[in-house]
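Working notes, beginning with the structure itself.
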Amino acid sequence: MTHRQHSIADFRETARRRLPRFVFDFIDGGSGTENTLAENRSALDRIRLVGSAPTDISTCSQTVSLFGQHYDMPVLIGPTGLAGAAWPRGDVDLARAASTHNIPFVMSTAATATMEDVAGAGSGAKWFQLYIFKDRAVSKRLVSKAQSLGFGALEITVDNAIPGRRLRDARNGFSLPFRWTPAKLASLAAHPGWSLRTARAGAPKLEVMAAELGLEKADTIAELMQSQLDPSVDWEDIKWVREAWDGPLIVKGMLDPGQVSKALDIGVDGLVISNHGGRQLDGAIATIDILPEFRAEAGSKLTLLVDSGFRTGSDIARALALGADAVQVGRATLYALACGGEASVDQALSILKSELNVAQMLMGAREIQDFGASMVRCHPAPGKSEPMTAAVAASQRSGPLSLVTENRQGKLP
């Protein structure tokens, strides 16, 4: 049943009740003290939206163009590993729901479905997220396979040189394959729906990685990733992928605006400003706070996506106003997936679309391109008495946020 959920927060609470604790914590948790996880939410809450009535909003559109393709809203389902732990064939269900809403689905290298299954799931756009492995031949094969299967864009994740210390996973003994303990078996008994579905479908398996790397087991997800990912990856490796891939190339995991010039030099098409949803660097800056600096550096030369902590349509509106071309969601659709598979993901996306429509209309943005920095204000920081305009807030960080509107509309060189 999906009718009881009216927000992503509702889906999260339902997922918390329906999933065994070790599975919910894997999806929900962050690294270390989970400071970054909390800051993602706090930073979004500090940004206030400026209503713009009266404005003629009798016709509004959420259509957005990304890399020459038109989509029905400025949202993507980003890459989330081990989706099959939330719901059997979860990657396929996520792809189908994205197709229904005409938005891209980004398949993770750590997916629990094959690339063939995802490529054939619905008629919508499929992108592929790539890790650069120690064995470069593996990554090269994945790039070639993504090309042959018709994946439309490639996202390279670069913030996994070393895995974050995910304490919830360590405390729960989260492993692949699942290693059963008395506490986990008790959790299975308390969550019969998940247990029966998983028993019928079989325990989730990292299908892509298993096929390419011959994986059999690892103590934790972090140890698995550490054993396979290469900490020596740098821009020369991105250049190598650029030469091998002739479609849109996006680099995911960016937090340093100083890297923009290197991305432009190599010919990267887009960036995902991301702190990995708070799962990597504990204490990292929130992506919404650093986003304007990326737009100031990139101008109109790069497509900028952003993720990490986005849960509502108003959150998406904040990102659009501060320079993003679109928002990637991860946990938001995983929570929904855990509640009822494709139908629940479809509902969650409809909720986000409806919430964004309310924010868009009340802020006076008839088109997505109409969002700009004048539509937001930053809540005063502790010890401050006056709210800061968006431009003042940005100037205290780096470059002028007043450039955001012009950059997004392509008015600057």
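For the structure tokens, the naming scheme is as follows: chains receive sequential letters (A, B, ...) according to their order of presentation, residues are indexed from 1 within each chain, and ligands are indexed from 1 in presentation order.
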
Using only C-alpha atoms, find each residue in segment 35-124 of chain A having at least one atom no more than 12 Å away from segment 165-177 of chain A; report its shortest atom-to-atom pair and that distance in Å (one decimal), rows by chain then rising number, as CSV.
residue,atom,partner,partner_atom,distance
A:Asn35,CA,A:Arg166,CA,11.9
A:Leu37,CA,A:Arg166,CA,11.6
A:Leu82,CA,A:Leu176,CA,10.0
A:Ala85,CA,A:Leu176,CA,10.7
A:Ala110,CA,A:Leu176,CA,11.9
A:Thr112,CA,A:Leu176,CA,11.8

Test item, alpha helix (DSSP H) assignment across segment 180-268 of chain A, answer as a tab-separated table (two decimals) with C-alpha atoms, in the first residue's frame:
chain	number	residue	atom	x	y	z
A	182	PRO	CA	21.16	-13.96	16.32
A	183	ALA	CA	20.34	-10.24	16.26
A	184	LYS	CA	19.85	-10.24	12.49
A	185	LEU	CA	17.72	-13.37	12.59
A	186	ALA	CA	15.55	-11.74	15.22
A	187	SER	CA	15.22	-8.70	12.95
A	188	LEU	CA	14.11	-10.96	10.10
A	189	ALA	CA	11.34	-12.38	12.27
A	190	ALA	CA	10.22	-8.85	13.10
A	192	PRO	CA	8.32	-10.82	7.69
A	193	GLY	CA	7.42	-8.89	4.52
A	194	TRP	CA	11.04	-8.09	3.70
A	195	SER	CA	12.17	-11.56	4.75
A	196	LEU	CA	9.69	-13.37	2.50
A	197	ARG	CA	10.43	-11.16	-0.51
A	198	THR	CA	14.16	-11.65	-0.07
A	199	ALA	CA	13.77	-15.42	0.42
A	200	ARG	CA	11.81	-15.68	-2.83
A	201	ALA	CA	14.16	-13.45	-4.83
A	207	GLU	CA	25.73	-8.24	-10.30
A	208	VAL	CA	27.97	-5.92	-12.33
A	209	MET	CA	30.93	-6.14	-9.98
A	210	ALA	CA	30.54	-9.87	-9.50
A	211	ALA	CA	30.55	-10.46	-13.25
A	212	GLU	CA	33.59	-8.28	-13.85
A	213	LEU	CA	35.64	-8.91	-10.70
A	221	ILE	CA	30.82	-2.87	1.86
A	222	ALA	CA	33.60	-0.43	2.78
A	223	GLU	CA	36.21	-3.20	2.69
A	224	LEU	CA	34.86	-4.43	-0.62
A	225	MET	CA	35.19	-0.97	-2.17
A	226	GLN	CA	38.61	-0.40	-0.64
A	227	SER	CA	39.88	-3.64	-2.13
A	228	GLN	CA	38.79	-2.69	-5.65
A	235	TRP	CA	42.46	13.93	-13.78
A	236	GLU	CA	44.66	11.93	-16.15
A	237	ASP	CA	42.36	8.97	-15.56
A	238	ILE	CA	39.32	11.15	-16.26
A	239	LYS	CA	41.04	12.22	-19.48
A	240	TRP	CA	41.49	8.57	-20.41
A	241	VAL	CA	37.75	7.96	-19.96
A	242	ARG	CA	36.99	11.13	-21.94
A	243	GLU	CA	38.92	9.70	-24.87
A	244	ALA	CA	37.11	6.36	-24.62
A	260	VAL	CA	36.44	23.29	-12.35
A	261	SER	CA	39.22	24.54	-14.61
A	262	LYS	CA	40.71	21.04	-14.80
A	263	ALA	CA	37.35	19.59	-15.76
A	264	LEU	CA	37.00	22.18	-18.52
A	265	ASP	CA	40.50	21.51	-19.82
A	266	ILE	CA	39.74	17.81	-20.22

Item to check | Which residue of A:Val138, A:Leu304, A:Ala97, A:Ile288 approaches Gly341 of chain A most closely, using only C-alpha atoms | outcome: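 Checking each of A:Val138, A:Leu304, A:Ala97, A:Ile288 against Gly341 of chain A, counting only C-alpha atoms, the winner is A:Ala97.
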
- If we count only C-alpha atoms, what is near Glu155 of chain A at a cut-off of 10 Å, once residues fewer than 4 positions away on the same chain are taken out, given as a ChimeraX atom specification? /A:78-79,106-108,127-131,248-253,270-272

Residues from last step as file, C-alpha atoms, as an mmCIF file, in the first residue's frame:
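Saved the output as out11.cif:
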data_model
loop_
_atom_site.group_PDB
_atom_site.id
_atom_site.type_symbol
_atom_site.label_atom_id
_atom_site.label_comp_id
_atom_site.auth_asym_id
_atom_site.auth_seq_id
_atom_site.Cartn_x
_atom_site.Cartn_y
_atom_site.Cartn_z
ATOM 1 C CA GLY A 78 21.095 9.108 -8.964
ATOM 2 C CA PRO A 79 23.256 6.003 -8.576
ATOM 3 C CA VAL A 106 21.699 6.620 -13.302
ATOM 4 C CA MET A 107 22.678 2.991 -12.829
ATOM 5 C CA SER A 108 25.330 2.266 -10.218
ATOM 6 C CA TRP A 127 22.994 6.807 -17.609
ATOM 7 C CA PHE A 128 25.789 4.708 -16.122
ATOM 8 C CA GLN A 129 27.883 5.510 -13.064
ATOM 9 C CA LEU A 130 31.476 4.312 -13.353
ATOM 10 C CA TYR A 131 34.150 3.561 -10.774
ATOM 11 C CA PRO A 248 28.198 13.294 -22.220
ATOM 12 C CA LEU A 249 30.775 12.797 -19.459
ATOM 13 C CA ILE A 250 29.985 13.867 -15.890
ATOM 14 C CA VAL A 251 32.242 13.799 -12.837
ATOM 15 C CA LYS A 252 30.455 13.052 -9.568
ATOM 16 C CA GLY A 253 31.748 13.803 -6.089
ATOM 17 C CA GLY A 270 29.041 18.224 -16.356
ATOM 18 C CA LEU A 271 29.738 17.921 -12.662
ATOM 19 C CA VAL A 272 27.765 16.540 -9.745
#

Could you tell me how far atom CA of Ala95 of chain A lies from atom CA of Arg18 of chain A, in Å and to one decimal?
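We find that atom CA of Ala95 of chain A and atom CA of Arg18 of chain A lie 22.2 Å from each other.
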
Using only C-alpha atoms, which residues of segment 309-358 of chain A come within 9 Å of segment 290-301 of chain A, and what is the closest atom pair for each, with the distance in Å to one decimal? Give it as a Markdown table, sorted by chain and residue number.
| residue | atom | partner | partner_atom | distance |
| --- | --- | --- | --- | --- |
| A:Ala319 | CA | A:Leu291 | CA | 7.9 |
| A:Leu322 | CA | A:Pro292 | CA | 5.6 |
| A:Gly323 | CA | A:Arg295 | CA | 5.8 |
| A:Ala324 | CA | A:Leu291 | CA | 7.3 |

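Closest approach to Leu302 of chain A among A:Ala161, A:Ala98, A:Val268, A:Ala338 is made by A:Val268 (distances from only C-alpha atoms).
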
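The residues of segment 249-382 of chain A that DSSP assigns to strand (DSSP E) on this backbone come out as Leu249, Ile250, Val251, Lys252, Gly253, Met254, Gly270, Leu271, Val272, Ile273, Thr303, Leu304, Leu305, Val306, Ala326, Val327, Gln328, Val329, Val376, Arg377 and Cys378 of chain A.
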
Residue neighbourhood Cys339 of chain A, 9 Å, only C-alpha atoms, exclusion window fewer than 6 positions, as a JSON list (two decimals) with N, CA and C atoms, in the first residue's frame:
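Result saved to result_27.json:
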[["chain", "number", "residue", "atom", "x", "y", "z"],
["A", 1, "MET", "N", 0.84, -1.20, 0.00],
["A", 1, "MET", "CA", 0.00, 0.00, 0.00],
["A", 1, "MET", "C", 0.87, 1.24, 0.00],
["A", 2, "THR", "N", 0.51, 2.22, -0.82],
["A", 2, "THR", "CA", 1.32, 3.42, -0.93],
["A", 2, "THR", "C", 0.58, 4.70, -0.58],
["A", 11, "PHE", "N", 7.82, 8.33, 3.62],
["A", 11, "PHE", "CA", 8.44, 7.12, 3.06],
["A", 11, "PHE", "C", 9.60, 6.66, 3.93],
["A", 12, "ARG", "N", 10.39, 7.60, 4.41],
["A", 12, "ARG", "CA", 11.51, 7.22, 5.26],
["A", 12, "ARG", "C", 11.03, 6.50, 6.52],
["A", 14, "THR", "N", 8.22, 4.89, 6.99],
["A", 14, "THR", "CA", 7.68, 3.57, 6.64],
["A", 14, "THR", "C", 8.81, 2.59, 6.34],
["A", 15, "ALA", "N", 9.82, 3.05, 5.63],
["A", 15, "ALA", "CA", 10.97, 2.18, 5.35],
["A", 15, "ALA", "C", 11.66, 1.76, 6.64],
["A", 18, "ARG", "N", 9.70, -1.06, 8.05],
["A", 18, "ARG", "CA", 9.56, -2.28, 7.25],
["A", 18, "ARG", "C", 10.88, -3.00, 6.98],
["A", 19, "LEU", "N", 11.99, -2.31, 7.07],
["A", 19, "LEU", "CA", 13.27, -2.94, 6.77],
["A", 19, "LEU", "C", 13.95, -3.43, 8.04],
["A", 86, "ALA", "N", 16.77, -3.11, -0.64],
["A", 86, "ALA", "CA", 15.52, -2.43, -0.25],
["A", 86, "ALA", "C", 14.31, -3.14, -0.83],
["A", 87, "TRP", "N", 14.45, -3.65, -2.06],
["A", 87, "TRP", "CA", 13.34, -4.31, -2.75],
["A", 87, "TRP", "C", 13.93, -5.16, -3.87],
["A", 345, "VAL", "N", 7.95, 4.27, -5.81],
["A", 345, "VAL", "CA", 8.90, 5.23, -6.38],
["A", 345, "VAL", "C", 8.16, 6.20, -7.29]]

Using only C-alpha atoms, the best pick from A:Pro88, A:Gly309, A:Gly68, A:Gly364 as closest to Gly202 of chain A would be A:Pro88
